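Asker: What follows is the file protein08.txt, containing compact mmCIF, C-alpha atoms:
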```txt
# COMPACT_ATOMS: atom_id res chain seq x y z
CA MET A 1 10.59 18.25 -16.16
CA GLU A 2 7.43 16.72 -17.62
CA PRO A 3 4.45 17.31 -15.29
CA ASN A 4 3.87 13.57 -14.90
CA ARG A 5 7.24 13.33 -13.12
CA LEU A 6 6.19 15.71 -10.37
CA THR A 7 5.43 14.36 -6.94
CA ALA A 8 1.96 15.15 -5.65
CA THR A 9 3.39 17.87 -3.43
CA GLU A 10 5.25 19.43 -6.35
CA ALA A 11 2.22 19.25 -8.63
CA LEU A 12 0.01 20.84 -5.98
CA GLU A 13 2.44 23.72 -5.55
CA ALA A 14 2.73 24.25 -9.32
CA ILE A 15 -1.05 24.37 -9.68
CA LYS A 16 -1.43 26.68 -6.68
CA SER A 17 1.11 29.11 -8.11
CA ASN A 18 -0.61 29.07 -11.53
CA LYS A 19 2.47 27.56 -13.21
CA LEU A 20 0.42 24.54 -14.24
CA THR A 21 -3.24 23.96 -15.01
CA VAL A 22 -4.97 20.79 -13.92
CA GLU A 23 -5.85 20.02 -17.53
CA THR A 24 -2.22 20.30 -18.67
CA TYR A 25 -1.17 18.18 -15.73
CA VAL A 26 -3.57 15.31 -16.36
CA ASN A 27 -2.82 15.40 -20.09
CA SER A 28 0.82 14.74 -19.21
CA LEU A 29 -0.23 11.77 -17.05
CA LEU A 30 -2.48 10.45 -19.81
CA SER A 31 0.37 10.73 -22.32
CA ARG A 32 2.60 8.72 -20.01
CA ILE A 33 -0.11 6.08 -19.69
CA ASP A 34 -0.54 5.99 -23.47
CA SER A 35 3.17 5.39 -23.95
CA ARG A 36 3.72 2.88 -21.15
CA ASP A 37 0.60 1.05 -20.10
CA SER A 38 0.62 -1.41 -22.97
CA LYS A 39 3.67 -2.80 -21.17
CA VAL A 40 2.83 -2.17 -17.50
CA LYS A 41 -0.95 -2.85 -17.65
CA ALA A 42 -1.69 -1.06 -14.38
CA TRP A 43 -5.24 0.11 -15.13
CA ALA A 44 -8.48 -1.84 -14.90
CA TYR A 45 -10.50 1.19 -16.05
CA LEU A 46 -9.56 4.62 -17.33
CA ASN A 47 -11.87 7.03 -19.15
CA ARG A 48 -9.90 9.87 -20.76
CA ASP A 49 -12.99 12.06 -21.30
CA LEU A 50 -14.03 11.69 -17.67
CA VAL A 51 -10.54 12.60 -16.47
CA LEU A 52 -10.43 15.73 -18.62
CA GLU A 53 -13.94 16.71 -17.53
CA GLN A 54 -12.79 16.57 -13.88
CA ALA A 55 -9.71 18.63 -14.73
CA ARG A 56 -11.62 21.37 -16.50
CA LYS A 57 -14.13 21.68 -13.68
CA LEU A 58 -11.29 22.00 -11.18
CA ASP A 59 -9.55 24.66 -13.27
CA ALA A 60 -12.77 26.70 -13.20
CA ILE A 61 -12.95 26.76 -9.39
CA PRO A 62 -11.89 30.14 -7.90
CA GLU A 63 -8.57 29.98 -6.08
CA ASP A 64 -10.08 30.81 -2.69
CA GLN A 65 -12.46 27.82 -2.97
CA ARG A 66 -9.92 25.14 -3.86
CA GLY A 67 -9.33 22.09 -1.66
CA PRO A 68 -6.10 20.74 -0.13
CA LEU A 69 -5.59 18.26 -3.00
CA HIS A 70 -6.75 20.57 -5.78
CA GLY A 71 -5.81 18.98 -9.10
CA VAL A 72 -3.71 16.12 -7.69
CA ALA A 73 -4.36 12.86 -9.55
CA ILE A 74 -5.00 9.63 -7.64
CA GLY A 75 -5.39 6.03 -8.80
CA VAL A 76 -7.91 3.83 -7.00
CA LYS A 77 -7.68 0.09 -6.46
CA ASP A 78 -10.56 -1.66 -8.18
CA VAL A 79 -12.17 -2.95 -4.99
CA ILE A 80 -13.14 0.57 -3.88
CA TYR A 81 -16.43 2.02 -5.13
CA THR A 82 -16.35 5.00 -7.49
CA LYS A 83 -19.72 6.38 -8.53
CA ASP A 84 -18.67 7.18 -12.11
CA MET A 85 -16.46 4.16 -12.83
CA PRO A 86 -17.07 0.40 -12.68
CA THR A 87 -15.82 -1.60 -9.70
CA GLU A 88 -15.13 -5.14 -10.90
CA HIS A 89 -12.86 -6.64 -8.19
CA ASN A 90 -11.06 -8.54 -10.99
CA SER A 91 -13.94 -11.00 -10.86
CA PRO A 92 -16.19 -12.27 -13.67
CA LEU A 93 -19.05 -12.04 -11.18
CA TYR A 94 -18.77 -8.24 -11.27
CA LYS A 95 -17.94 -7.61 -14.92
CA ASP A 96 -19.03 -4.04 -15.82
CA SER A 97 -20.57 -3.60 -12.36
CA LEU A 98 -21.25 0.06 -11.60
CA VAL A 99 -22.24 0.94 -8.04
CA PRO A 100 -23.40 4.59 -8.27
CA VAL A 101 -21.89 5.69 -4.95
CA ASP A 102 -18.42 6.71 -3.82
CA ALA A 103 -16.62 4.90 -1.04
CA ALA A 104 -16.00 7.15 1.95
CA SER A 105 -12.33 7.53 1.02
CA ILE A 106 -13.22 8.59 -2.53
CA ALA A 107 -15.84 11.09 -1.33
CA ILE A 108 -13.21 12.63 0.96
CA LEU A 109 -10.68 12.88 -1.86
CA ARG A 110 -13.16 14.40 -4.31
CA ALA A 111 -14.20 16.99 -1.73
CA ALA A 112 -10.51 17.86 -1.33
CA GLY A 113 -10.19 18.54 -5.06
CA ALA A 114 -8.43 15.37 -6.20
CA VAL A 115 -8.73 14.01 -9.74
CA ILE A 116 -9.80 10.37 -9.61
CA LEU A 117 -7.73 9.19 -12.56
CA GLY A 118 -8.99 5.62 -12.86
CA LYS A 119 -9.23 2.16 -11.33
CA THR A 120 -6.04 0.17 -10.85
CA THR A 121 -5.68 -3.58 -11.19
CA THR A 122 -6.03 -6.00 -8.30
CA THR A 123 -5.96 -9.71 -7.69
CA GLU A 124 -9.42 -11.24 -7.38
CA PHE A 125 -11.24 -9.49 -4.53
CA ALA A 126 -7.84 -8.27 -3.23
CA SER A 127 -7.46 -11.72 -1.73
CA THR A 128 -5.51 -14.16 -3.88
CA VAL A 129 -1.83 -14.36 -4.78
CA GLN A 130 -2.59 -15.21 -8.41
CA GLY A 131 -1.45 -12.07 -10.18
CA PRO A 132 -3.33 -9.96 -12.72
CA ALA A 133 -1.61 -9.14 -16.03
CA THR A 134 0.19 -6.16 -14.47
CA ILE A 135 3.98 -6.10 -14.86
CA ASN A 136 6.59 -4.58 -12.57
CA PRO A 137 7.77 -1.44 -14.43
CA HIS A 138 11.38 -2.19 -13.42
CA SER A 139 11.29 -5.44 -15.39
CA THR A 140 13.71 -5.56 -18.30
CA GLU A 141 14.71 -7.98 -21.04
CA THR A 142 17.56 -9.06 -18.77
CA THR A 143 15.41 -9.74 -15.70
CA GLY A 144 12.37 -11.00 -17.59
CA ILE A 145 8.92 -9.85 -16.53
CA ARG A 146 8.39 -9.62 -12.79
CA THR A 147 5.38 -9.18 -10.56
CA PRO A 148 4.62 -5.75 -9.10
CA GLY A 149 3.30 -7.57 -6.06
CA GLY A 150 -0.27 -7.63 -4.93
CA SER A 151 -2.99 -7.48 -4.30
CA SER A 152 -2.66 -3.74 -5.00
CA SER A 153 -0.75 -4.54 -8.20
CA GLY A 154 -1.78 -1.64 -10.42
CA SER A 155 -1.67 0.92 -7.62
CA GLY A 156 1.99 0.18 -6.97
CA ALA A 157 3.03 -0.15 -10.60
CA ALA A 158 1.29 3.04 -11.78
CA VAL A 159 2.95 5.20 -9.12
CA ALA A 160 6.36 3.65 -9.78
CA ASP A 161 6.00 4.24 -13.52
CA PHE A 162 5.09 7.95 -13.18
CA GLN A 163 1.57 7.35 -14.48
CA VAL A 164 0.03 8.84 -11.32
CA PRO A 165 1.69 10.37 -8.23
CA LEU A 166 -0.56 8.80 -5.60
CA SER A 167 -2.79 5.78 -5.37
CA LEU A 168 -4.99 3.91 -2.94
CA GLY A 169 -4.59 0.24 -2.17
CA THR A 170 -5.69 -2.06 0.61
CA GLN A 171 -3.90 -4.48 2.93
CA THR A 172 -5.19 -7.62 4.60
CA GLY A 173 -1.88 -9.46 4.53
CA GLY A 174 0.82 -7.57 2.65
CA SER A 175 -1.06 -5.94 -0.21
CA THR A 176 0.38 -2.44 0.28
CA ILE A 177 3.85 -2.93 1.76
CA ARG A 178 4.87 -5.74 -0.63
CA PRO A 179 4.04 -3.79 -3.84
CA GLY A 180 5.76 -0.78 -2.32
CA SER A 181 8.96 -2.76 -1.95
CA PHE A 182 8.77 -4.59 -5.29
CA ASN A 183 8.12 -1.34 -7.19
CA GLY A 184 10.65 0.82 -5.36
CA ILE A 185 8.19 3.36 -3.94
CA TYR A 186 6.90 4.53 -0.59
CA ALA A 187 3.90 2.66 0.80
CA PHE A 188 1.97 3.29 4.00
CA LYS A 189 -0.42 1.04 5.89
CA PRO A 190 -1.88 3.26 8.60
CA THR A 191 -3.26 2.14 11.94
CA TRP A 192 -6.24 -0.15 11.43
CA GLY A 193 -9.51 1.77 11.44
CA VAL A 194 -8.20 5.33 11.11
CA VAL A 195 -9.38 5.59 7.48
CA SER A 196 -12.94 4.54 6.70
CA ARG A 197 -13.36 1.32 4.73
CA GLU A 198 -16.99 2.06 3.94
CA GLY A 199 -17.64 1.30 0.27
CA GLN A 200 -14.93 -1.24 -0.48
CA LYS A 201 -15.06 -4.99 -0.75
CA VAL A 202 -14.60 -6.65 2.63
CA TYR A 203 -12.19 -9.55 2.99
CA SER A 204 -11.55 -9.32 6.73
CA LEU A 205 -13.22 -6.78 8.99
CA THR A 206 -10.47 -7.55 11.50
CA LEU A 207 -7.55 -6.98 9.13
CA ASP A 208 -8.55 -4.87 6.10
CA THR A 209 -6.80 -1.51 6.05
CA ILE A 210 -6.67 1.09 3.30
CA GLY A 211 -3.14 1.66 1.97
CA LEU A 212 -1.39 4.64 0.38
CA PHE A 213 1.30 4.73 -2.33
CA GLY A 214 3.56 7.65 -3.30
CA ARG A 215 7.08 8.44 -4.44
CA CYS A 216 8.13 10.34 -1.31
CA ALA A 217 7.22 10.46 2.36
CA GLU A 218 5.93 14.04 2.00
CA ASP A 219 3.27 12.83 -0.42
CA LEU A 220 2.16 10.12 1.98
CA LYS A 221 1.83 12.77 4.72
CA LEU A 222 -0.25 14.94 2.40
CA LEU A 223 -2.65 12.17 1.46
CA ALA A 224 -2.88 10.70 4.96
CA GLY A 225 -3.70 14.10 6.40
CA VAL A 226 -6.57 14.64 3.98
CA LEU A 227 -7.92 11.17 4.83
CA GLY A 228 -8.01 12.14 8.50
CA VAL A 229 -4.97 10.28 9.83
CA LYS A 230 -4.00 12.11 13.02
CA ASP A 231 -2.03 11.36 16.19
CA ASP A 232 -3.09 12.63 19.61
CA ASP A 233 -0.01 14.85 19.76
CA LEU A 234 2.04 16.64 17.12
CA PRO A 235 5.15 14.68 16.08
CA THR A 236 8.23 15.63 18.10
CA PHE A 237 10.84 13.66 16.15
CA LYS A 238 13.97 15.82 15.93
CA GLY A 239 16.07 13.90 13.41
CA LEU A 240 18.32 10.86 13.33
CA LYS A 241 21.01 12.08 15.71
CA GLY A 242 20.18 10.47 19.03
CA ALA A 243 17.24 8.54 17.60
CA LYS A 244 16.66 4.95 18.71
CA PHE A 245 15.58 2.10 16.44
CA GLY A 246 14.71 -1.49 17.29
CA LEU A 247 15.50 -4.25 14.78
CA VAL A 248 12.73 -6.87 14.76
CA LYS A 249 13.60 -9.94 12.74
CA SER A 250 10.09 -11.38 13.30
CA PRO A 251 9.14 -15.08 13.48
CA VAL A 252 9.83 -15.61 9.75
CA TRP A 253 13.39 -14.26 9.64
CA ASP A 254 14.58 -17.50 8.03
CA GLN A 255 12.67 -16.48 4.89
CA ALA A 256 14.79 -13.35 4.37
CA GLY A 257 16.83 -13.60 1.18
CA LYS A 258 20.23 -12.17 0.33
CA GLY A 259 18.83 -8.86 -0.92
CA THR A 260 16.71 -8.18 2.15
CA LEU A 261 19.48 -9.20 4.54
CA ALA A 262 21.81 -6.75 2.80
CA ALA A 263 19.19 -3.97 2.88
CA ILE A 264 18.59 -4.41 6.61
CA GLU A 265 22.32 -4.47 7.32
CA GLU A 266 23.00 -1.35 5.24
CA THR A 267 20.08 0.47 6.87
CA GLN A 268 21.53 -0.23 10.31
CA GLU A 269 24.95 1.04 9.22
CA LEU A 270 23.50 4.22 7.73
CA LEU A 271 21.41 4.94 10.82
CA LYS A 272 24.40 4.49 13.10
CA ALA A 273 26.58 6.64 10.83
CA HIS A 274 24.06 9.47 11.26
CA GLY A 275 23.98 9.32 15.04
CA ALA A 276 21.15 6.86 15.68
CA THR A 277 21.35 3.71 17.75
CA VAL A 278 19.99 0.35 16.59
CA GLU A 279 19.45 -2.60 18.89
CA GLU A 280 17.94 -5.97 18.21
CA VAL A 281 14.55 -6.58 19.80
CA THR A 282 13.66 -10.10 20.90
CA LEU A 283 9.89 -10.41 20.90
CA PRO A 284 8.18 -12.53 23.56
CA SER A 285 7.71 -16.15 22.47
CA GLU A 286 3.95 -15.64 22.03
CA PHE A 287 4.69 -13.72 18.83
CA ASN A 288 5.90 -16.96 17.22
CA SER A 289 2.23 -17.86 16.81
CA MET A 290 1.47 -14.74 14.77
CA PRO A 291 1.83 -16.26 11.25
CA ASP A 292 -0.54 -19.09 12.18
CA TRP A 293 -3.00 -16.78 13.92
CA HIS A 294 -3.03 -14.35 11.00
CA ALA A 295 -3.79 -17.21 8.58
CA LYS A 296 -6.65 -18.46 10.75
CA ILE A 297 -8.18 -14.97 11.02
CA MET A 298 -8.03 -14.48 7.25
CA ALA A 299 -9.65 -17.86 6.71
CA ALA A 300 -12.42 -17.24 9.23
CA ASP A 301 -13.25 -13.76 7.98
CA GLY A 302 -12.91 -14.85 4.34
CA ARG A 303 -15.41 -17.67 4.92
CA VAL A 304 -18.00 -15.02 5.79
CA ALA A 305 -16.95 -12.40 3.23
CA PHE A 306 -17.16 -14.63 0.15
CA LEU A 307 -20.18 -16.76 0.99
CA SER A 308 -22.47 -14.58 -1.15
CA GLU A 309 -20.24 -14.92 -4.23
CA TYR A 310 -19.87 -18.64 -3.53
CA ARG A 311 -23.63 -19.11 -3.42
CA THR A 312 -24.09 -16.96 -6.52
CA ASP A 313 -21.68 -18.95 -8.71
CA LYS A 314 -18.98 -21.05 -7.06
CA ALA A 315 -17.48 -21.88 -10.46
CA LYS A 316 -16.49 -18.24 -10.99
CA LEU A 317 -14.46 -18.02 -7.78
CA GLN A 318 -10.78 -18.90 -7.56
CA ASP A 319 -10.08 -22.10 -5.67
CA PHE A 320 -8.39 -20.20 -2.83
CA LEU A 321 -11.64 -18.36 -2.06
CA VAL A 322 -13.73 -21.50 -2.44
CA GLY A 323 -11.38 -23.04 0.10
CA HIS A 324 -12.13 -20.26 2.58
CA VAL A 325 -15.88 -20.77 2.29
CA GLU A 326 -15.63 -24.57 2.45
CA ASN A 327 -13.10 -24.38 5.31
CA VAL A 328 -10.83 -26.86 3.55
CA LYS A 329 -8.24 -26.55 6.31
CA GLY A 330 -10.79 -27.61 8.88
CA TYR A 331 -10.25 -24.79 11.36
CA THR A 332 -12.57 -25.14 14.35
CA ASN A 333 -14.35 -22.28 16.08
CA LYS A 334 -12.18 -22.96 19.12
CA GLU A 335 -8.99 -22.53 17.06
CA THR A 336 -10.37 -19.40 15.42
CA LEU A 337 -11.24 -17.80 18.77
CA ALA A 338 -7.77 -18.60 20.06
CA ALA A 339 -6.30 -16.77 17.06
CA PHE A 340 -8.52 -13.70 17.46
CA ASP A 341 -7.92 -13.51 21.20
CA GLY A 342 -4.21 -14.26 20.94
CA VAL A 343 -3.59 -11.44 18.49
CA ALA A 344 -5.77 -9.02 20.46
CA GLY A 345 -3.72 -9.75 23.55
CA LEU A 346 -0.46 -8.95 21.78
CA ARG A 347 -1.52 -5.56 20.42
CA PRO A 348 -0.85 -3.63 23.64
CA VAL A 349 2.36 -5.65 24.05
CA ILE A 350 3.75 -4.53 20.70
CA ASP A 351 2.61 -0.96 21.41
CA LYS A 352 4.65 -0.93 24.61
CA ILE A 353 7.70 -2.34 22.81
CA ALA A 354 7.40 0.08 19.87
CA ASN A 355 6.95 3.08 22.16
CA GLY A 356 10.41 2.39 23.54
CA TYR A 357 11.89 3.36 20.15
CA ASP A 358 11.47 6.03 17.51
CA ALA A 359 10.56 3.18 15.16
CA LEU A 360 11.02 -0.54 14.70
CA LEU A 361 13.04 -1.68 11.66
CA THR A 362 11.96 -4.89 9.92
CA PRO A 363 11.93 -6.47 6.42
CA SER A 364 9.26 -5.56 3.88
CA VAL A 365 9.67 -8.66 1.69
CA PRO A 366 11.83 -11.78 1.46
CA ASP A 367 13.77 -10.29 -1.49
CA GLU A 368 13.25 -8.53 -4.83
CA ALA A 369 10.17 -9.36 -6.93
CA PRO A 370 10.18 -13.00 -8.09
CA PRO A 371 10.13 -13.85 -11.81
CA GLY A 372 6.85 -14.06 -13.70
CA ILE A 373 3.41 -12.69 -12.91
CA GLU A 374 1.65 -15.91 -11.99
CA SER A 375 2.12 -15.13 -8.29
CA THR A 376 2.35 -11.78 -6.53
CA GLY A 377 5.04 -13.08 -4.16
CA SER A 378 5.26 -13.75 -0.45
CA ALA A 379 3.69 -11.51 2.20
CA ALA A 380 5.39 -13.44 5.01
CA PHE A 381 6.93 -10.34 6.57
CA ASN A 382 3.71 -8.30 6.52
CA GLY A 383 0.87 -10.33 7.99
CA MET A 384 1.97 -10.02 11.61
CA TRP A 385 2.00 -6.22 11.51
CA THR A 386 -1.37 -6.09 9.73
CA ALA A 387 -2.94 -8.29 12.40
CA LEU A 388 -1.40 -6.18 15.17
CA HIS A 389 -3.09 -3.07 13.65
CA VAL A 390 0.11 -0.99 13.80
CA PRO A 391 1.19 1.55 11.15
CA VAL A 392 3.91 0.45 8.71
CA VAL A 393 5.87 2.34 6.05
CA ASN A 394 7.92 0.79 3.26
CA ILE A 395 10.95 2.93 2.40
CA PRO A 396 12.61 2.18 -0.98
CA GLY A 397 16.26 2.47 -1.79
CA PHE A 398 17.97 -0.90 -2.26
CA LYS A 399 18.47 -3.40 -5.05
CA GLY A 400 18.63 -7.17 -5.25
CA ASP A 401 20.92 -9.38 -7.30
CA HIS A 402 19.02 -8.54 -10.50
CA GLY A 403 18.93 -4.78 -9.90
CA LEU A 404 15.29 -4.77 -8.86
CA PRO A 405 13.96 -2.73 -5.91
CA ILE A 406 13.95 -3.83 -2.30
CA GLY A 407 12.64 -1.71 0.56
CA VAL A 408 12.68 -1.90 4.34
CA SER A 409 9.81 -1.31 6.75
CA LEU A 410 9.48 0.99 9.73
CA VAL A 411 6.80 0.22 12.31
CA ALA A 412 5.36 2.27 15.18
CA ALA A 413 2.74 1.75 17.90
CA ARG A 414 -0.93 2.18 17.03
CA HIS A 415 -1.98 5.78 16.41
CA GLN A 416 1.59 6.94 15.96
CA ASP A 417 1.02 7.40 12.23
CA GLU A 418 2.11 11.02 11.84
CA HIS A 419 5.16 10.32 13.95
CA LEU A 420 6.06 7.31 11.80
CA LEU A 421 5.80 9.32 8.59
CA GLU A 422 8.14 11.96 10.05
CA VAL A 423 10.68 9.26 10.91
CA ALA A 424 10.26 7.67 7.47
CA LYS A 425 10.95 11.00 5.80
CA GLU A 426 14.28 11.36 7.60
CA VAL A 427 15.32 7.74 7.12
CA GLY A 428 14.38 7.93 3.44
CA LYS A 429 16.84 10.76 2.93
CA LEU A 430 19.65 8.32 3.75
CA PHE A 431 18.69 6.25 0.73
CA GLY A 432 17.79 9.13 -1.60
CA GLU A 433 14.38 10.77 -1.20
CA GLU A 434 12.96 8.81 -4.13
CA GLY A 435 14.83 5.65 -3.38
CA GLY A 436 17.19 6.13 -6.31
CA TRP A 437 14.58 5.13 -8.89
CA LYS A 438 13.52 8.41 -10.45
CA SER A 439 16.16 8.23 -13.19
CA ALA A 440 15.62 4.51 -13.78
CA LEU A 441 12.30 4.82 -15.62
```
Show this structure as structure tokens.

Answerer:
Amino acid sequence: MEPNRLTATEALEAIKSNKLTVETYVNSLLSRIDSRDSKVKAWAYLNRDLVLEQARKLDAIPEDQRGPLHGVAIGVKDVIYTKDMPTEHNSPLYKDSLVPVDAASIAILRAAGAVILGKTTTTEFASTVQGPATINPHSTETTGIRTPGGSSSGSGAAVADFQVPLSLGTQTGGSTIRPGSFNGIYAFKPTWGVVSREGQKVYSLTLDTIGLFGRCAEDLKLLAGVLGVKDDDLPTFKGLKGAKFGLVKSPVWDQAGKGTLAAIEETQELLKAHGATVEEVTLPSEFNSMPDWHAKIMAADGRVAFLSEYRTDKAKLQDFLVGHVENVKGYTNKETLAAFDGVAGLRPVIDKIANGYDALLTPSVPDEAPPGIESTGSAAFNGMWTALHVPVVNIPGFKGDHGLPIGVSLVAARHQDEHLLEVAKEVGKLFGEEGGWKSAL
């Protein structure tokens, strides 16, 4: 197996056992990028010399001084500051902008021995649905080019295409879970606030959450642990036999397409066949307001977040962001407060519901990735969970009518992150630990 095909956990073990040097490993990743990225276009910035310099320094570190991610390569969404690489936010306002500090997440990863491979593409300021040039690696001549989703477009596509085993994204609406589903990989949005957002562009202080991408649940556990994600108690999940899942169709169930409906149905059948129970959960009627409340919160927070760019040069901002600042939808402060307070009131409600199950099962996306790259697709099934601050995992393993990936989401109560990853690991085995995509690319 070529080193670039290793999961992060496998690569870490190979490096620890001296079967693989970090330099050999990253050269394999760089070769994969050389051969594929002219098609996929997942990288906003990548400096080969800088990558190799990191690798050689890591290889020189004595074994007893190596960190928990020693030599593992990670891609970083280009809204997160990296002291030795530009952070451009896919905006002409920040062309070639170099902020000579690391975001907190990057400082943690460097201290753990990770190789920061490069900056991955994003929609403008991780906020719009207008896609970058990045292409879903599962696109073919038959399907035509498809979006990898967004706004963490390059982070999802690079992991799916074996160009890097792990990457960081962000999520304010659906910017981690949606690319996870569209690209056929695992994606994890942890509980809001458990990973520092210091040093990344703010869209919404109330919603922004760092996101993780990998090709197996074990890799998500590895990365989350290094970033400090920790439950109060050790996970006690004992496997699927006797486990209890709640199916939440959510207020936007009517947007679920044929592929997602089939994926949810098959997931239920597989869970039941392995000894679990699945029952439908009817949320209280107040949750019907969640899509509207989420939109109002994004608009209110976005009005504040992008005022400086608006005042600097309004003409260089996409219309969507200009609309936030100018409040084109006319949201009043009274309406905004009702949204903030309404969502806050439902967070303990969803915690209580989720704690009655091992996990909640819900769609990740309406269906497989839509054609073209002009739009990153709908995040309709994600915004509610982001606003509720709960952890969510996309598990890959299904296909739509055109053979493109579709995943399903598992959700848990706040600060049940480690537990959720344990459940996701077991559920993922029902679909194939890598979602059936390893041989496809």

Asker: To one decimal in Å, tell me the separation between atom CA of Gly113 of chain A and atom CA of Ala160 of chain A.

Answerer: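 For atom CA of Gly113 of chain A relative to atom CA of Ala160 of chain A, the distance reads 22.8 Å.
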
Asker: Which residue is closest to Gly383 of chain A? Choose from A:Arg215, A:Lys189, A:His274, A:Lys314 and count all atoms listed in the file.

Answerer: A:Lys189

Asker: Which residues come within 10 Å of Ala338 of chain A, counting all atoms listed in the file, excluding same-chain residues fewer than 6 positions away, as a JSON list (two decimals) with C-alpha atoms, in the frame of the given file?

Answerer:
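Final output, selection-v2.json:
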```
[["chain", "number", "residue", "atom", "x", "y", "z"],
["A", 293, "TRP", "CA", -3.00, -16.78, 13.92],
["A", 296, "LYS", "CA", -6.65, -18.46, 10.75],
["A", 297, "ILE", "CA", -8.18, -14.97, 11.02],
["A", 332, "THR", "CA", -12.57, -25.14, 14.35],
["A", 344, "ALA", "CA", -5.77, -9.02, 20.46]]
```

Asker: Measure the distance from atom CA of Tyr25 of chain A to atom CA of Leu6 of chain A in Å and round it to one decimal.

Answerer: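 Between these atoms lies a distance of 9.4 Å.
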
Asker: What separation in Å, quoted to one decimal, exists between atom CA of Asp233 of chain A and atom CA of Lys425 of chain A?

Answerer: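 Taking atom CA of Asp233 of chain A and atom CA of Lys425 of chain A, their separation equals 18.2 Å.
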
Asker: Within 12 Å of (2.6, 13.8, -19.6) (coordinates as in the file), grab all the protein and nucleic acid residues, counting only C-alpha atoms, and write them out as a PDB file with C-alpha atoms, keeping the file's coordinate frame.

Answerer:
```
ATOM      1  CA  MET A   1      10.590  18.250 -16.160  1.00  0.00           C
ATOM      2  CA  GLU A   2       7.430  16.720 -17.620  1.00  0.00           C
ATOM      3  CA  PRO A   3       4.450  17.310 -15.290  1.00  0.00           C
ATOM      4  CA  ASN A   4       3.870  13.570 -14.900  1.00  0.00           C
ATOM      5  CA  ARG A   5       7.240  13.330 -13.120  1.00  0.00           C
ATOM      6  CA  LEU A   6       6.190  15.710 -10.370  1.00  0.00           C
ATOM      7  CA  VAL A  22      -4.970  20.790 -13.920  1.00  0.00           C
ATOM      8  CA  GLU A  23      -5.850  20.020 -17.530  1.00  0.00           C
ATOM      9  CA  THR A  24      -2.220  20.300 -18.670  1.00  0.00           C
ATOM     10  CA  TYR A  25      -1.170  18.180 -15.730  1.00  0.00           C
ATOM     11  CA  VAL A  26      -3.570  15.310 -16.360  1.00  0.00           C
ATOM     12  CA  ASN A  27      -2.820  15.400 -20.090  1.00  0.00           C
ATOM     13  CA  SER A  28       0.820  14.740 -19.210  1.00  0.00           C
ATOM     14  CA  LEU A  29      -0.230  11.770 -17.050  1.00  0.00           C
ATOM     15  CA  LEU A  30      -2.480  10.450 -19.810  1.00  0.00           C
ATOM     16  CA  SER A  31       0.370  10.730 -22.320  1.00  0.00           C
ATOM     17  CA  ARG A  32       2.600   8.720 -20.010  1.00  0.00           C
ATOM     18  CA  ILE A  33      -0.110   6.080 -19.690  1.00  0.00           C
ATOM     19  CA  ASP A  34      -0.540   5.990 -23.470  1.00  0.00           C
ATOM     20  CA  SER A  35       3.170   5.390 -23.950  1.00  0.00           C
ATOM     21  CA  ARG A  36       3.720   2.880 -21.150  1.00  0.00           C
ATOM     22  CA  ASP A 161       6.000   4.240 -13.520  1.00  0.00           C
ATOM     23  CA  PHE A 162       5.090   7.950 -13.180  1.00  0.00           C
ATOM     24  CA  GLN A 163       1.570   7.350 -14.480  1.00  0.00           C
ATOM     25  CA  VAL A 164       0.030   8.840 -11.320  1.00  0.00           C
ATOM     26  CA  PRO A 165       1.690  10.370  -8.230  1.00  0.00           C
TER      27      PRO A 165
END
```

Asker: Quick one: residues within 9 Å of Thr143 of chain A, all atoms listed in the file counted, chain neighbours fewer than 6 positions away excluded, as a VMD selection string?

Answerer: chain A and resid 371 402 to 404

Asker: Would you list the contacts of Asp292 of chain A as a compact mmCIF listing (two decimals) with C-alpha atoms, in the frame of the given file, taking every protein, DNA or RNA residue within 12 Å and counting all atoms listed in the file, but skipping same-chain residues closer than 6 positions in sequence?

Answerer:
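Below you can see selection-v9.txt, which holds the result:
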```txt
# COMPACT_ATOMS: atom_id res chain seq x y z
CA PRO A 251 9.14 -15.08 13.48
CA VAL A 252 9.83 -15.61 9.75
CA GLU A 286 3.95 -15.64 22.03
CA MET A 298 -8.03 -14.48 7.25
CA ALA A 299 -9.65 -17.86 6.71
CA TYR A 331 -10.25 -24.79 11.36
CA GLU A 335 -8.99 -22.53 17.06
CA THR A 336 -10.37 -19.40 15.42
CA ALA A 338 -7.77 -18.60 20.06
CA ALA A 339 -6.30 -16.77 17.06
CA PHE A 340 -8.52 -13.70 17.46
CA GLY A 342 -4.21 -14.26 20.94
CA VAL A 343 -3.59 -11.44 18.49
CA ALA A 380 5.39 -13.44 5.01
CA GLY A 383 0.87 -10.33 7.99
CA MET A 384 1.97 -10.02 11.61
CA ALA A 387 -2.94 -8.29 12.40
```
